[in-house]
Amino acid sequence: MLFHGNMRIGKTIGLVFCAGAATAIILDVVGLIEKGSYLPLKAGWIWAVIDRPSLNLTQAGIERHVAPWLWDPLMLTLLTSPLWLVLAIPGLLFLLISRWRRRLHEAP
């Protein structure tokens with residue numbers, strides 16, 4: 001019972017990420033239908049639209065205080081990836097881990 005609450009939180013987080021990924025896929029499909037070509041929403045573009053100063057601050061902080069190689073190419077690859085992919089991977093991992101932990105702690 002100790003892990004039951006944590007599994008529920010993990011499952012909820014996973015479902016929220018997957019819902020975001022599904023929304024991004026729908027927006028990409030709508031854009032495909034309207035424009036006739038596939039131009040997926042990029043994770044970095046969405047972050048910049050929501051809060052550009054935090055994106056710039058994160059870049060400066062990572063490059064100065066953590067490691068410059070962490071920003072380029074690692075974070076740039078993540079930020080230029082399709083939003084649905086960036087959201088789907090952690091969402092599915094959260095769902096998988098919460099399911100695995102539930103099976104691990106169930107009585108035989």
# chains A, B, ... in the order shown; residues from 1 in each chain; ligands from 1

call {"tool": "residues_around", "arguments": {"residues": "Leu15 (chain A)", "least_positions_apart": "4", "cutoff": "8 Å", "atoms": "only C-alpha atoms", "output": "PyMOL selection string"}}
result
chain A and resi 11+19+91+95

call {"tool": "write_last_selection", "arguments": {"atoms": "C-alpha atoms", "output": "PDB file, in the first residue's frame"}}
result
ATOM      1  CA  LYS A  11      -0.114   7.169 -13.932  1.00  0.00           C
ATOM      2  CA  ALA A  19      -3.031  13.732 -23.648  1.00  0.00           C
ATOM      3  CA  GLY A  91       4.232   9.904 -20.874  1.00  0.00           C
ATOM      4  CA  LEU A  95       2.644   4.754 -17.587  1.00  0.00           C
TER       5      LEU A  95
END

call {"tool": "select_by_dssp", "arguments": {"residues": "chain A", "states": "helix (DSSP H, G or I)", "output": "ChimeraX atom specification"}}
result
/A:4-35,43-66,68-79,83-105

call {"tool": "write_last_selection", "arguments": {"atoms": "C-alpha atoms", "output": "short mmCIF file (atom, residue, chain, number, x, y, z; two decimals), in the first residue's frame"}}
result
data_model
loop_
_atom_site.label_atom_id
_atom_site.label_comp_id
_atom_site.auth_asym_id
_atom_site.auth_seq_id
_atom_site.Cartn_x
_atom_site.Cartn_y
_atom_site.Cartn_z
CA HIS A 4 -0.17 2.86 -4.27
CA GLY A 5 -0.30 6.69 -4.10
CA ASN A 6 2.96 7.05 -6.00
CA MET A 7 1.72 4.74 -8.74
CA ARG A 8 -1.45 6.77 -9.05
CA ILE A 9 0.57 10.01 -9.36
CA GLY A 10 2.86 8.41 -11.96
CA LYS A 11 -0.11 7.17 -13.93
CA THR A 12 -1.76 10.60 -13.79
CA ILE A 13 1.42 12.33 -14.97
CA GLY A 14 1.74 9.78 -17.77
CA LEU A 15 -1.84 10.33 -18.88
CA VAL A 16 -1.38 14.13 -18.88
CA PHE A 17 1.75 13.83 -21.04
CA CYS A 18 -0.01 11.42 -23.42
CA ALA A 19 -3.03 13.73 -23.65
CA GLY A 20 -0.68 16.58 -24.57
CA ALA A 21 0.95 14.36 -27.19
CA ALA A 22 -2.44 13.45 -28.64
CA THR A 23 -3.39 17.13 -28.78
CA ALA A 24 -0.13 17.94 -30.58
CA ILE A 25 -0.79 15.15 -33.09
CA ILE A 26 -4.27 16.52 -33.76
CA LEU A 27 -2.85 20.01 -34.31
CA ASP A 28 -0.20 18.59 -36.64
CA VAL A 29 -2.86 16.75 -38.66
CA VAL A 30 -4.99 19.89 -38.89
CA GLY A 31 -1.92 21.79 -40.12
CA LEU A 32 -1.24 19.04 -42.65
CA ILE A 33 -4.77 19.23 -43.99
CA GLU A 34 -4.73 23.05 -44.17
CA LYS A 35 -1.26 23.51 -45.66
CA ALA A 43 8.86 21.69 -28.61
CA GLY A 44 11.19 24.70 -28.55
CA TRP A 45 8.75 26.86 -30.49
CA ILE A 46 5.96 26.10 -28.02
CA TRP A 47 8.27 26.92 -25.08
CA ALA A 48 9.29 30.19 -26.74
CA VAL A 49 5.67 31.16 -27.35
CA ILE A 50 4.73 30.41 -23.73
CA ASP A 51 7.76 32.01 -22.03
CA ARG A 52 10.76 33.05 -24.13
CA PRO A 53 12.73 34.57 -21.20
CA SER A 54 12.71 31.25 -19.34
CA LEU A 55 14.00 29.49 -22.46
CA ASN A 56 16.86 31.99 -22.74
CA LEU A 57 17.60 31.73 -19.03
CA THR A 58 17.64 27.93 -19.22
CA GLN A 59 20.08 28.04 -22.14
CA ALA A 60 22.40 30.45 -20.34
CA GLY A 61 22.22 28.47 -17.11
CA ILE A 62 22.97 25.15 -18.75
CA GLU A 63 25.82 26.54 -20.85
CA ARG A 64 27.45 28.45 -17.98
CA HIS A 65 26.79 26.34 -14.91
CA VAL A 66 26.28 22.77 -16.09
CA PRO A 68 27.96 23.60 -22.80
CA TRP A 69 27.72 20.22 -24.55
CA LEU A 70 24.45 19.58 -22.71
CA TRP A 71 22.77 22.46 -24.57
CA ASP A 72 24.23 21.79 -27.99
CA PRO A 73 23.51 19.14 -29.27
CA LEU A 74 21.40 17.46 -26.55
CA MET A 75 18.85 20.16 -25.63
CA LEU A 76 18.75 21.56 -29.17
CA THR A 77 17.84 18.12 -30.46
CA LEU A 78 15.04 17.92 -27.91
CA LEU A 79 13.79 21.44 -28.67
CA LEU A 83 6.16 18.25 -29.68
CA TRP A 84 4.11 15.05 -29.80
CA LEU A 85 7.28 12.96 -29.57
CA VAL A 86 8.74 15.02 -26.71
CA LEU A 87 5.51 14.54 -24.74
CA ALA A 88 4.76 10.92 -25.73
CA ILE A 89 8.08 9.41 -24.64
CA PRO A 90 7.99 10.51 -20.98
CA GLY A 91 4.23 9.90 -20.87
CA LEU A 92 4.60 6.31 -21.98
CA LEU A 93 7.55 5.82 -19.63
CA PHE A 94 5.51 7.08 -16.66
CA LEU A 95 2.64 4.75 -17.59
CA LEU A 96 4.99 1.81 -18.06
CA ILE A 97 6.82 2.39 -14.77
CA SER A 98 3.60 2.82 -12.79
CA ARG A 99 2.25 -0.40 -14.30
CA TRP A 100 5.51 -2.28 -13.63
CA ARG A 101 5.64 -1.14 -10.00
CA ARG A 102 2.02 -2.18 -9.46
CA ARG A 103 2.77 -5.71 -10.69
CA LEU A 104 5.92 -5.83 -8.58
CA HIS A 105 4.06 -4.99 -5.38
#
